[in-house]
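Structure, as structure tokens:
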Amino acid sequence: MWRQVVLYFRTHSYHADNCQAKENLQNEDEADIKAAQWIFKPMGSERTEIRKRQMATTPETPGAAQAQLSTGNRGSNACCFCWCCCCSCSCLTVRNQEEERARRTSHELQVEGIPNCEESPAPTLEEVNAWAQSFDKLMLTPAGRNAFREFLRTEFSEENMLFWMACEELKQESNKSVIEEKARLIYEDYISILSPKEVSLDSRVREVINRNMLEPSQHTFDDAQLQIYTLMHRDSYPRFMNSAIYKDLLQSLSEKSIEA
């Protein structure tokens with residue numbers, strides 16, 4: 001009798017354990033299915049849900065929405081509020097261009113400080129005739145230099161005369177700081193390969209100038225000045241004597257002399 005009772009309770013407990021185990025297994029399967037569904041949820045749905053949660057918790061203000069819109073539409077013309085750190089940012093490019101433009105404007109104003117022509121009385125017929133005798137006589141008088149410079153301007157080689165005149169002016173200076181400043185300007189205007197008014201010099205003379213620029217003096221450009229003087233003498237002076245500028249001036253002075 002007792003054996004049957006014990007066997008009954010053991011059987012009943014076994015079935016209860018099996019039912020509980022099946023229920024636990026079913027719950028675990030459902031949890032695994034839900035986890036798998038979350039893991040393999042489409043990325044778009046996940047982002048949409050996250051976006052909805054953010055909008056529900058922190059609604060955007062009109063200013064913030066406009067800022068995000070401008071950030072998203074930022075193109076090549078980024079403003080100075082751009083957050084990029086690359087050196088190609090357009091705001092940096094514009095700023096560099098403005099600085100370069102200001103530097104060029106200042107430089108052009110310094111160059112424009114050179115007068116268009118030297119102050120001199122009108123040349124006489126004797127002086128104009130003397131110009132034909134030698135290039136040295138032409139360059140000795142302000143009126144001759146002005147006439148020759150006018151001719152050089154028509155040939156787009158006026159920088160030769162400007163350089164020669166700048167060197168002559170440098171020789172008249174005695175103040176060290178003024179000499180250094182004028183030498184620097186002459187180098188930038190007529191010697192530098194980046195200048196549009198660069199004069200034609202050979203490599204030997206350029207090397208001499210570069211050495212002299214370490215300690216500028218009144219004679220820093222003497223070799224270059226002599227080379228440009230020789231170039232004008234041999235190349236431009238003969239054409240000037242046959243130019244309309246010289247012939248018209250000579251004719252007008254001759255007519256005035258006859259009338260007088």
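If you're wondering about the labels, chains in the structure tokens are A, B, ... by order shown, residues count from 1 in each chain, ligands from 1 in order shown.
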
For Met139 (chain A), find every residue with an atom within 12 Å (counting only C-alpha atoms), except residues of its own chain fewer than 2 positions away, and show them as a PDB file with N, CA and C atoms, in the first residue's frame.
ATOM      1  N   GLU A 127      69.722 121.095 -77.566  1.00  0.00           N
ATOM      2  CA  GLU A 127      69.723 119.904 -76.725  1.00  0.00           C
ATOM      3  C   GLU A 127      69.201 118.692 -77.488  1.00  0.00           C
ATOM      4  N   VAL A 128      68.134 118.874 -78.246  1.00  0.00           N
ATOM      5  CA  VAL A 128      67.554 117.753 -79.000  1.00  0.00           C
ATOM      6  C   VAL A 128      68.534 117.266 -80.053  1.00  0.00           C
ATOM      7  N   ALA A 130      71.712 117.421 -79.737  1.00  0.00           N
ATOM      8  CA  ALA A 130      72.794 116.768 -79.003  1.00  0.00           C
ATOM      9  C   ALA A 130      72.416 115.331 -78.636  1.00  0.00           C
ATOM     10  N   TRP A 131      71.130 115.075 -78.496  1.00  0.00           N
ATOM     11  CA  TRP A 131      70.713 113.708 -78.176  1.00  0.00           C
ATOM     12  C   TRP A 131      71.119 112.719 -79.261  1.00  0.00           C
ATOM     13  N   ALA A 132      71.178 113.215 -80.467  1.00  0.00           N
ATOM     14  CA  ALA A 132      71.545 112.328 -81.575  1.00  0.00           C
ATOM     15  C   ALA A 132      73.045 112.042 -81.604  1.00  0.00           C
ATOM     16  N   GLN A 133      73.816 112.817 -80.874  1.00  0.00           N
ATOM     17  CA  GLN A 133      75.261 112.615 -80.887  1.00  0.00           C
ATOM     18  C   GLN A 133      75.685 111.411 -80.045  1.00  0.00           C
ATOM     19  N   SER A 134      75.051 111.221 -78.909  1.00  0.00           N
ATOM     20  CA  SER A 134      75.406 110.079 -78.065  1.00  0.00           C
ATOM     21  C   SER A 134      74.273 109.799 -77.085  1.00  0.00           C
ATOM     22  N   PHE A 135      74.240 108.572 -76.628  1.00  0.00           N
ATOM     23  CA  PHE A 135      73.239 108.166 -75.645  1.00  0.00           C
ATOM     24  C   PHE A 135      73.516 108.817 -74.294  1.00  0.00           C
ATOM     25  N   ASP A 136      74.791 109.047 -73.996  1.00  0.00           N
ATOM     26  CA  ASP A 136      75.140 109.679 -72.723  1.00  0.00           C
ATOM     27  C   ASP A 136      74.556 111.082 -72.629  1.00  0.00           C
ATOM     28  N   LYS A 137      74.615 111.837 -73.710  1.00  0.00           N
ATOM     29  CA  LYS A 137      74.052 113.190 -73.697  1.00  0.00           C
ATOM     30  C   LYS A 137      72.536 113.158 -73.554  1.00  0.00           C
ATOM     31  N   THR A 141      70.278 114.805 -69.474  1.00  0.00           N
ATOM     32  CA  THR A 141      69.285 115.858 -69.272  1.00  0.00           C
ATOM     33  C   THR A 141      67.934 115.260 -68.890  1.00  0.00           C
ATOM     34  N   PRO A 142      67.220 115.884 -67.951  1.00  0.00           N
ATOM     35  CA  PRO A 142      65.881 115.395 -67.590  1.00  0.00           C
ATOM     36  C   PRO A 142      64.929 115.372 -68.782  1.00  0.00           C
ATOM     37  N   ALA A 143      65.016 116.382 -69.649  1.00  0.00           N
ATOM     38  CA  ALA A 143      64.138 116.412 -70.810  1.00  0.00           C
ATOM     39  C   ALA A 143      64.432 115.242 -71.745  1.00  0.00           C
ATOM     40  N   GLY A 144      65.711 114.902 -71.896  1.00  0.00           N
ATOM     41  CA  GLY A 144      66.067 113.759 -72.739  1.00  0.00           C
ATOM     42  C   GLY A 144      65.568 112.449 -72.138  1.00  0.00           C
ATOM     43  N   ARG A 145      65.701 112.311 -70.822  1.00  0.00           N
ATOM     44  CA  ARG A 145      65.208 111.089 -70.175  1.00  0.00           C
ATOM     45  C   ARG A 145      63.689 110.982 -70.287  1.00  0.00           C
ATOM     46  N   ASN A 146      62.990 112.110 -70.174  1.00  0.00           N
ATOM     47  CA  ASN A 146      61.534 112.073 -70.293  1.00  0.00           C
ATOM     48  C   ASN A 146      61.099 111.657 -71.692  1.00  0.00           C
ATOM     49  N   ALA A 147      61.763 112.207 -72.705  1.00  0.00           N
ATOM     50  CA  ALA A 147      61.407 111.852 -74.075  1.00  0.00           C
ATOM     51  C   ALA A 147      61.716 110.376 -74.349  1.00  0.00           C
ATOM     52  N   PHE A 148      62.873 109.926 -73.882  1.00  0.00           N
ATOM     53  CA  PHE A 148      63.254 108.531 -74.098  1.00  0.00           C
ATOM     54  C   PHE A 148      62.335 107.590 -73.321  1.00  0.00           C
ATOM     55  N   ARG A 149      61.939 108.008 -72.136  1.00  0.00           N
ATOM     56  CA  ARG A 149      61.017 107.180 -71.346  1.00  0.00           C
ATOM     57  C   ARG A 149      59.657 107.075 -72.019  1.00  0.00           C
ATOM     58  N   MET A 161      64.048 102.180 -67.750  1.00  0.00           N
ATOM     59  CA  MET A 161      64.335 103.545 -67.310  1.00  0.00           C
ATOM     60  C   MET A 161      63.956 103.750 -65.843  1.00  0.00           C
ATOM     61  N   TRP A 164      66.698 102.262 -63.717  1.00  0.00           N
ATOM     62  CA  TRP A 164      67.897 103.088 -63.748  1.00  0.00           C
ATOM     63  C   TRP A 164      67.722 104.330 -62.869  1.00  0.00           C
ATOM     64  N   MET A 165      66.547 104.949 -62.938  1.00  0.00           N
ATOM     65  CA  MET A 165      66.279 106.139 -62.132  1.00  0.00           C
ATOM     66  C   MET A 165      66.226 105.797 -60.642  1.00  0.00           C
ATOM     67  N   GLU A 168      69.725 105.503 -59.382  1.00  0.00           N
ATOM     68  CA  GLU A 168      70.327 106.827 -59.212  1.00  0.00           C
ATOM     69  C   GLU A 168      69.831 107.493 -57.926  1.00  0.00           C
ATOM     70  N   TYR A 229      71.671  99.916 -68.504  1.00  0.00           N
ATOM     71  CA  TYR A 229      72.083 101.101 -69.264  1.00  0.00           C
ATOM     72  C   TYR A 229      72.642 100.680 -70.624  1.00  0.00           C
ATOM     73  N   THR A 230      73.471  99.662 -70.624  1.00  0.00           N
ATOM     74  CA  THR A 230      74.044  99.158 -71.879  1.00  0.00           C
ATOM     75  C   THR A 230      72.961  98.589 -72.786  1.00  0.00           C
ATOM     76  N   MET A 232      69.768  99.516 -72.932  1.00  0.00           N
ATOM     77  CA  MET A 232      69.016 100.622 -73.526  1.00  0.00           C
ATOM     78  C   MET A 232      69.835 101.307 -74.613  1.00  0.00           C
ATOM     79  N   HIS A 233      71.135 101.431 -74.370  1.00  0.00           N
ATOM     80  CA  HIS A 233      72.001 102.084 -75.351  1.00  0.00           C
ATOM     81  C   HIS A 233      72.044 101.313 -76.666  1.00  0.00           C
ATOM     82  N   TYR A 237      67.954 102.788 -77.898  1.00  0.00           N
ATOM     83  CA  TYR A 237      68.373 104.124 -78.351  1.00  0.00           C
ATOM     84  C   TYR A 237      68.354 104.279 -79.875  1.00  0.00           C
TER      85      TYR A 237
END

Just the residues within 12 Å of Arg239 (chain A), please, counting only C-alpha atoms, with nothing from its chain fewer than 2 positions along; format it as a compact mmCIF listing (two decimals) with N, CA and C atoms, in the first residue's frame.
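Contents of out29.txt, as written:
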# COMPACT_ATOMS: atom_id res chain seq x y z
N ALA A 132 71.18 113.21 -80.47
CA ALA A 132 71.54 112.33 -81.57
C ALA A 132 73.04 112.04 -81.60
N PHE A 135 74.24 108.57 -76.63
CA PHE A 135 73.24 108.17 -75.65
C PHE A 135 73.52 108.82 -74.29
N PHE A 148 62.87 109.93 -73.88
CA PHE A 148 63.25 108.53 -74.10
C PHE A 148 62.33 107.59 -73.32
N PHE A 151 59.17 107.06 -75.17
CA PHE A 151 59.35 106.09 -76.25
C PHE A 151 59.38 104.66 -75.70
N LEU A 152 60.07 104.46 -74.58
CA LEU A 152 60.13 103.12 -74.00
C LEU A 152 58.73 102.62 -73.60
N THR A 154 56.02 103.10 -75.19
CA THR A 154 55.36 102.56 -76.38
C THR A 154 55.87 101.17 -76.73
N GLU A 155 57.07 100.83 -76.29
CA GLU A 155 57.63 99.50 -76.53
C GLU A 155 57.47 98.58 -75.33
N MET A 232 69.77 99.52 -72.93
CA MET A 232 69.02 100.62 -73.53
C MET A 232 69.83 101.31 -74.61
N HIS A 233 71.14 101.43 -74.37
CA HIS A 233 72.00 102.08 -75.35
C HIS A 233 72.04 101.31 -76.67
N ARG A 234 72.24 100.02 -76.58
CA ARG A 234 72.41 99.22 -77.78
C ARG A 234 71.10 98.84 -78.46
N ASP A 235 70.06 98.67 -77.68
CA ASP A 235 68.82 98.13 -78.24
C ASP A 235 67.77 99.20 -78.50
N SER A 236 67.49 100.05 -77.51
CA SER A 236 66.37 100.98 -77.62
C SER A 236 66.77 102.34 -78.20
N TYR A 237 67.95 102.79 -77.90
CA TYR A 237 68.37 104.12 -78.35
C TYR A 237 68.35 104.28 -79.88
N MET A 241 65.93 107.14 -81.97
CA MET A 241 66.37 108.18 -82.90
C MET A 241 65.58 108.15 -84.21
N ASN A 242 65.03 107.01 -84.56
CA ASN A 242 64.23 106.89 -85.78
C ASN A 242 62.72 106.92 -85.51
N SER A 243 62.36 107.18 -84.27
CA SER A 243 60.94 107.14 -83.91
C SER A 243 60.25 108.45 -84.23
N ALA A 244 58.92 108.38 -84.28
CA ALA A 244 58.13 109.58 -84.55
C ALA A 244 58.21 110.55 -83.38
N ILE A 245 58.40 110.03 -82.18
CA ILE A 245 58.47 110.91 -81.00
C ILE A 245 59.65 111.87 -81.14
N TYR A 246 60.81 111.34 -81.49
CA TYR A 246 61.99 112.20 -81.62
C TYR A 246 61.88 113.11 -82.85
N LYS A 247 61.45 112.57 -83.96
CA LYS A 247 61.38 113.36 -85.19
C LYS A 247 60.37 114.48 -85.08

Excluding Val205 (chain A) and its own-chain neighbours fewer than 5 positions away, which residues fall within 12 Å of it when counting only C-alpha atoms? Please give them as a PDB file with N, CA, C and O atoms, in the first residue's frame.
ATOM      1  N   ILE A 191      63.808  93.262 -59.730  1.00  0.00           N
ATOM      2  CA  ILE A 191      64.712  92.114 -59.739  1.00  0.00           C
ATOM      3  C   ILE A 191      63.957  90.795 -59.539  1.00  0.00           C
ATOM      4  O   ILE A 191      64.290  89.780 -60.166  1.00  0.00           O
ATOM      5  N   VAL A 199      63.302  93.415 -64.798  1.00  0.00           N
ATOM      6  CA  VAL A 199      64.224  93.781 -65.871  1.00  0.00           C
ATOM      7  C   VAL A 199      65.051  92.559 -66.266  1.00  0.00           C
ATOM      8  O   VAL A 199      65.181  91.606 -65.498  1.00  0.00           O
ATOM      9  N   SER A 200      65.606  92.608 -67.459  1.00  0.00           N
ATOM     10  CA  SER A 200      66.354  91.473 -67.990  1.00  0.00           C
ATOM     11  C   SER A 200      67.811  91.538 -67.523  1.00  0.00           C
ATOM     12  O   SER A 200      68.562  92.439 -67.921  1.00  0.00           O
ATOM     13  N   ASN A 210      72.022  89.280 -55.092  1.00  0.00           N
ATOM     14  CA  ASN A 210      71.587  88.481 -53.946  1.00  0.00           C
ATOM     15  C   ASN A 210      72.605  88.540 -52.805  1.00  0.00           C
ATOM     16  O   ASN A 210      72.235  88.566 -51.624  1.00  0.00           O
ATOM     17  N   ARG A 211      73.885  88.559 -53.149  1.00  0.00           N
ATOM     18  CA  ARG A 211      74.907  88.690 -52.105  1.00  0.00           C
ATOM     19  C   ARG A 211      74.871  90.083 -51.486  1.00  0.00           C
ATOM     20  O   ARG A 211      75.004  90.241 -50.263  1.00  0.00           O
ATOM     21  N   ASN A 212      74.708  91.094 -52.333  1.00  0.00           N
ATOM     22  CA  ASN A 212      74.694  92.465 -51.827  1.00  0.00           C
ATOM     23  C   ASN A 212      73.482  92.749 -50.947  1.00  0.00           C
ATOM     24  O   ASN A 212      73.539  93.617 -50.058  1.00  0.00           O
ATOM     25  N   THR A 220      74.363  98.639 -54.204  1.00  0.00           N
ATOM     26  CA  THR A 220      73.903  97.249 -54.296  1.00  0.00           C
ATOM     27  C   THR A 220      73.599  96.841 -55.733  1.00  0.00           C
ATOM     28  O   THR A 220      73.876  95.712 -56.151  1.00  0.00           O
ATOM     29  N   PHE A 221      73.066  97.783 -56.522  1.00  0.00           N
ATOM     30  CA  PHE A 221      72.606  97.448 -57.878  1.00  0.00           C
ATOM     31  C   PHE A 221      73.482  98.041 -58.967  1.00  0.00           C
ATOM     32  O   PHE A 221      73.025  98.203 -60.106  1.00  0.00           O
ATOM     33  N   ASP A 222      74.721  98.380 -58.651  1.00  0.00           N
ATOM     34  CA  ASP A 222      75.577  99.035 -59.641  1.00  0.00           C
ATOM     35  C   ASP A 222      75.780  98.177 -60.886  1.00  0.00           C
ATOM     36  O   ASP A 222      75.675  98.674 -62.020  1.00  0.00           O
ATOM     37  N   ASP A 223      76.073  96.895 -60.709  1.00  0.00           N
ATOM     38  CA  ASP A 223      76.292  96.022 -61.864  1.00  0.00           C
ATOM     39  C   ASP A 223      75.024  95.874 -62.699  1.00  0.00           C
ATOM     40  O   ASP A 223      75.076  95.898 -63.941  1.00  0.00           O
ATOM     41  N   ALA A 224      73.888  95.749 -62.027  1.00  0.00           N
ATOM     42  CA  ALA A 224      72.624  95.620 -62.749  1.00  0.00           C
ATOM     43  C   ALA A 224      72.276  96.920 -63.470  1.00  0.00           C
ATOM     44  O   ALA A 224      71.786  96.902 -64.610  1.00  0.00           O
ATOM     45  N   GLN A 225      72.527  98.040 -62.835  1.00  0.00           N
ATOM     46  CA  GLN A 225      72.243  99.324 -63.472  1.00  0.00           C
ATOM     47  C   GLN A 225      73.077  99.509 -64.733  1.00  0.00           C
ATOM     48  O   GLN A 225      72.580  99.977 -65.764  1.00  0.00           O
ATOM     49  N   LEU A 226      74.357  99.130 -64.664  1.00  0.00           N
ATOM     50  CA  LEU A 226      75.226  99.244 -65.835  1.00  0.00           C
ATOM     51  C   LEU A 226      74.747  98.329 -66.960  1.00  0.00           C
ATOM     52  O   LEU A 226      74.760  98.720 -68.142  1.00  0.00           O
ATOM     53  N   GLN A 227      74.281  97.135 -66.616  1.00  0.00           N
ATOM     54  CA  GLN A 227      73.814  96.217 -67.648  1.00  0.00           C
ATOM     55  C   GLN A 227      72.544  96.734 -68.327  1.00  0.00           C
ATOM     56  O   GLN A 227      72.403  96.637 -69.549  1.00  0.00           O
ATOM     57  N   ILE A 228      71.649  97.310 -67.566  1.00  0.00           N
ATOM     58  CA  ILE A 228      70.418  97.865 -68.146  1.00  0.00           C
ATOM     59  C   ILE A 228      70.734  99.120 -68.969  1.00  0.00           C
ATOM     60  O   ILE A 228      70.140  99.347 -70.036  1.00  0.00           O
TER      61      ILE A 228
END

Enumerate the residues of region 109-232 of chain A with a DSSP assignment of helix (DSSP H, G or I), computed from the backbone, and present them as JSON, numbers by chain. {"A": [109, 110, 111, 112, 125, 126, 127, 128, 129, 130, 131, 135, 136, 137, 138, 139, 140, 142, 143, 144, 145, 146, 147, 148, 149, 150, 151, 152, 153, 154, 158, 159, 160, 161, 162, 163, 164, 165, 166, 167, 168, 169, 170, 171, 176, 177, 178, 179, 180, 181, 182, 183, 184, 185, 186, 187, 188, 189, 190, 191, 203, 204, 205, 206, 207, 208, 209, 210, 211, 212, 222, 223, 224, 225, 226, 227, 228, 229, 230, 231, 232]}

For CA of Glu169 (chain A) and CA of Glu181 (chain A), the interatomic separation in Å (one decimal): 12.5 Å

I'd like the neighbourhood of Leu170 (chain A) as a compact mmCIF listing (two decimals) with N, CA, C and O atoms, in the first residue's frame, where a residue qualifies if any of its atoms comes within 9 Å (using only C-alpha atoms), though same-chain residues fewer than 5 positions away should be ignored.
# COMPACT_ATOMS: atom_id res chain seq x y z
N MET A 165 66.55 104.95 -62.94
CA MET A 165 66.28 106.14 -62.13
C MET A 165 66.23 105.80 -60.64
O MET A 165 66.70 106.56 -59.80
N VAL A 178 66.84 104.06 -44.58
CA VAL A 178 66.22 104.45 -45.86
C VAL A 178 66.83 103.67 -47.01
O VAL A 178 66.13 103.24 -47.93
N ILE A 179 68.15 103.47 -46.96
CA ILE A 179 68.83 102.69 -48.01
C ILE A 179 68.29 101.27 -48.04
O ILE A 179 68.00 100.72 -49.11
N LYS A 182 64.67 101.27 -49.50
CA LYS A 182 64.64 101.52 -50.94
C LYS A 182 65.25 100.35 -51.72
O LYS A 182 64.76 100.00 -52.81
N ALA A 183 66.29 99.75 -51.17
CA ALA A 183 66.89 98.59 -51.83
C ALA A 183 65.89 97.43 -51.89
O ALA A 183 65.81 96.71 -52.89
N SER A 217 73.44 98.57 -49.67
CA SER A 217 74.13 99.86 -49.65
C SER A 217 73.69 100.65 -50.88
O SER A 217 72.87 100.21 -51.67
N GLN A 218 74.30 101.85 -51.04
CA GLN A 218 73.95 102.67 -52.21
C GLN A 218 74.38 102.02 -53.51
O GLN A 218 73.86 102.35 -54.58
N HIS A 219 75.33 101.07 -53.44
CA HIS A 219 75.88 100.48 -54.66
C HIS A 219 75.48 99.01 -54.84
O HIS A 219 76.13 98.27 -55.56

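Taking CA of Asn160 (chain A) as the reference point, CA of Glu119 (chain A) is found at 19.2 Å.
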